Amino acid sequence: QKEVEQDPGPLSVPEGAIVSLNCTYSNSAFQYFMWYRQYSRKGPELLMYTYSSGNKEDGRFTAQVDKSSKYISLFIRDSQPSDSATYLCALCSNAGNNRKLIWGLGTSLAVNP
Amino acid sequence: DAGVIQSPRHEVTEMGQEVTLRCKPISGHNSLFWYRQTMMRGLELLIYFNNNVPIDDSGMPEDRFSAKMPNASFSTLKIQPSEPRDSAVYFCASSPGGNIQYFGAGTRLSVL
């Protein structure tokens, strides 16, 4: 079993739709949860950063962490064609000052005008 | 700041040739990471450095791969000899500390 599971999609939605992207994980030691966005032929860039459980909102984006279920989500409200990209979840335990991130495979999202 | 700078952006080479990828991290960042990305395996961490010292190279596929960081502003990833299965996008990322990593634009490597 992989440490982090993420459905690769592709996911195709109409403009204005609410998008839900998810990852599940197996290691309860993970405490830091990130979502990166990667446009075609570009490097990943940090979108959202969450510590422990709970919700975090930034504009149209909401990150949600449920540690009891080992499940993290990214919601995009009023999706725009510019949101078309691959979204990767990344997790870290920081055990022993370890800086390694454990990555999901990424979900490809297309928002159609 | 110019961000993480990688060169070359594209590299096409023949099997058996040596390939050298270069990375300039963001000034002031003390950690540097080399990744490989493929459709099948996603982002794989190859090696990371902290204060120019290699900390974890467990992701380096085999002895054909080597990485160096001679100073805080430069790192190289070398593949010798290259093989077709090395074809991928290679990313360099740097971090000022903590968990957030900043990525370069990547080097797209094709080994024929």
# chains A, B, ... in the order shown; residues from 1 in each chain; ligands from 1
call {"tool": "residues_around", "arguments": {"residues": "Val4 of chain B", "least_positions_apart": "5", "cutoff": "8 Å", "atoms": "only C-alpha atoms", "output": "PyMOL selection string"}}
result
chain B and resi 23-26+92-94+102-105
call {"tool": "residues_around", "arguments": {"residues": "Tyr25 of chain A", "least_positions_apart": "5", "cutoff": "10 Å", "atoms": "only C-alpha atoms", "output": "list in words"}}
result
Gln1, Lys2, Glu3, Val4, Glu5, Gln6, Phe30, Lys67, Ser69, Lys70, Tyr71, Ile72, Leu91, Ile102 and Gly104 of chain A
call {"tool": "closest_atom_pairs", "arguments": {"of": "chain B", "to": "chain A", "cutoff": "10 Å", "atoms": "only C-alpha atoms", "output": "CSV"}}
result
residue,atom,partner,partner_atom,distance
B:Val4,CA,A:Gly43,CA,9.9
B:Ser31,CA,A:Arg99,CA,8.7
B:Phe33,CA,A:Lys100,CA,9.0
B:Gln37,CA,A:Leu105,CA,9.5
B:Thr38,CA,A:Leu105,CA,9.4
B:Met39,CA,A:Leu105,CA,8.2
B:Met40,CA,A:Leu105,CA,8.3
B:Arg41,CA,A:Leu105,CA,7.0
B:Gly42,CA,A:Leu105,CA,4.8
B:Leu43,CA,A:Trp103,CA,6.6
B:Glu44,CA,A:Trp103,CA,7.9
B:Leu45,CA,A:Lys100,CA,8.0
B:Ile47,CA,A:Lys100,CA,9.6
B:Tyr48,CA,A:Lys100,CA,8.2
B:Phe49,CA,A:Arg99,CA,9.9
B:Asn50,CA,A:Arg99,CA,9.3
B:Ile55,CA,A:Asn98,CA,9.3
B:Asp56,CA,A:Lys100,CA,8.9
B:Val89,CA,A:Arg41,CA,9.1
B:Tyr90,CA,A:Gly43,CA,9.6
B:Phe91,CA,A:Gly43,CA,7.2
B:Cys92,CA,A:Gly43,CA,8.9
B:Ala93,CA,A:Gly43,CA,9.0
B:Ser95,CA,A:Arg99,CA,9.3
B:Gly97,CA,A:Arg99,CA,8.4
B:Gly98,CA,A:Arg99,CA,7.1
B:Asn99,CA,A:Arg99,CA,6.1
B:Ile100,CA,A:Leu46,CA,7.4
B:Gln101,CA,A:Leu46,CA,7.7
B:Tyr102,CA,A:Glu45,CA,6.7
B:Phe103,CA,A:Gly43,CA,5.5
B:Gly104,CA,A:Gly43,CA,5.6
B:Ala105,CA,A:Gly43,CA,4.7
B:Gly106,CA,A:Gly43,CA,6.2
B:Thr107,CA,A:Arg41,CA,9.6
B:Arg108,CA,A:Arg41,CA,8.9
call {"tool": "closest_residue", "arguments": {"among": "B:Pro81, B:Pro96, B:Pro54, B:Pro70", "to": "Met15 of chain B", "atoms": "only C-alpha atoms"}}
result
B:Pro81
call {"tool": "closest_residue", "arguments": {"among": "A:Asn55, A:Ser68, A:Thr50, A:Thr107", "to": "Ser20 of chain A", "atoms": "only C-alpha atoms"}}
result
A:Thr107
call {"tool": "select_by_dssp", "arguments": {"residues": "segment 43-106 of chain B", "states": "strand (DSSP E)", "output": "PyMOL selection string"}}
result
chain B and resi 43-50+53-56+65-71+74-79+88-95+102-103
call {"tool": "write_last_selection", "arguments": {"atoms": "C-alpha atoms", "output": "PDB file, in the first residue's frame"}}
result
ATOM      1  CA  LEU B  43       7.297  12.920  -8.094  1.00  0.00           C
ATOM      2  CA  GLU B  44      10.126  10.883  -6.618  1.00  0.00           C
ATOM      3  CA  LEU B  45      12.687  12.382  -4.264  1.00  0.00           C
ATOM      4  CA  LEU B  46      16.175  11.428  -5.380  1.00  0.00           C
ATOM      5  CA  ILE B  47      18.330  13.217  -2.808  1.00  0.00           C
ATOM      6  CA  TYR B  48      18.258  16.199  -0.516  1.00  0.00           C
ATOM      7  CA  PHE B  49      20.923  18.419   0.986  1.00  0.00           C
ATOM      8  CA  ASN B  50      20.886  20.480   4.138  1.00  0.00           C
ATOM      9  CA  VAL B  53      25.546  18.224   3.054  1.00  0.00           C
ATOM     10  CA  PRO B  54      23.684  15.235   1.562  1.00  0.00           C
ATOM     11  CA  ILE B  55      21.158  14.068   4.147  1.00  0.00           C
ATOM     12  CA  ASP B  56      19.161  11.394   2.371  1.00  0.00           C
ATOM     13  CA  PHE B  65      23.274   8.794 -10.521  1.00  0.00           C
ATOM     14  CA  SER B  66      25.320  11.206  -8.443  1.00  0.00           C
ATOM     15  CA  ALA B  67      24.650  14.641  -6.980  1.00  0.00           C
ATOM     16  CA  LYS B  68      26.886  17.337  -5.571  1.00  0.00           C
ATOM     17  CA  MET B  69      26.429  20.638  -3.843  1.00  0.00           C
ATOM     18  CA  PRO B  70      29.829  22.346  -3.734  1.00  0.00           C
ATOM     19  CA  ASN B  71      28.399  25.566  -2.273  1.00  0.00           C
ATOM     20  CA  PHE B  74      24.880  25.558  -6.892  1.00  0.00           C
ATOM     21  CA  SER B  75      24.093  21.878  -7.241  1.00  0.00           C
ATOM     22  CA  THR B  76      24.456  19.289  -9.986  1.00  0.00           C
ATOM     23  CA  LEU B  77      22.800  15.964 -10.724  1.00  0.00           C
ATOM     24  CA  LYS B  78      24.816  13.721 -13.002  1.00  0.00           C
ATOM     25  CA  ILE B  79      23.767  10.567 -14.823  1.00  0.00           C
ATOM     26  CA  ALA B  88      11.754  12.112 -17.237  1.00  0.00           C
ATOM     27  CA  VAL B  89      11.397  15.651 -15.945  1.00  0.00           C
ATOM     28  CA  TYR B  90      13.930  16.447 -13.244  1.00  0.00           C
ATOM     29  CA  PHE B  91      13.089  19.134 -10.718  1.00  0.00           C
ATOM     30  CA  CYS B  92      15.203  20.961  -8.227  1.00  0.00           C
ATOM     31  CA  ALA B  93      13.554  22.588  -5.210  1.00  0.00           C
ATOM     32  CA  SER B  94      14.889  24.657  -2.341  1.00  0.00           C
ATOM     33  CA  SER B  95      13.582  25.473   1.107  1.00  0.00           C
ATOM     34  CA  TYR B 102      10.013  26.071  -3.988  1.00  0.00           C
ATOM     35  CA  PHE B 103      10.477  24.393  -7.329  1.00  0.00           C
TER      36      PHE B 103
END
call {"tool": "select_by_dssp", "arguments": {"residues": "chain A", "states": "helix (DSSP H, G or I)", "output": "PyMOL selection string"}}
result
chain A and resi 81-83+95-97
call {"tool": "closest_residue", "arguments": {"among": "A:Ser79, A:Ser73, A:Asn112, A:Thr86", "to": "Val19 of chain A", "atoms": "only C-alpha atoms"}}
result
A:Ser79
call {"tool": "atom_distance", "arguments": {"atom1": "atom CA of Arg37 of chain A", "atom2": "atom CA of Ser108 of chain A"}}
result
9.8 Å
call {"tool": "closest_residue", "arguments": {"among": "A:Ser52, A:Ser12, A:Ser82, A:Thr62", "to": "Gln31 of chain A", "atoms": "only C-alpha atoms"}}
result
A:Ser52
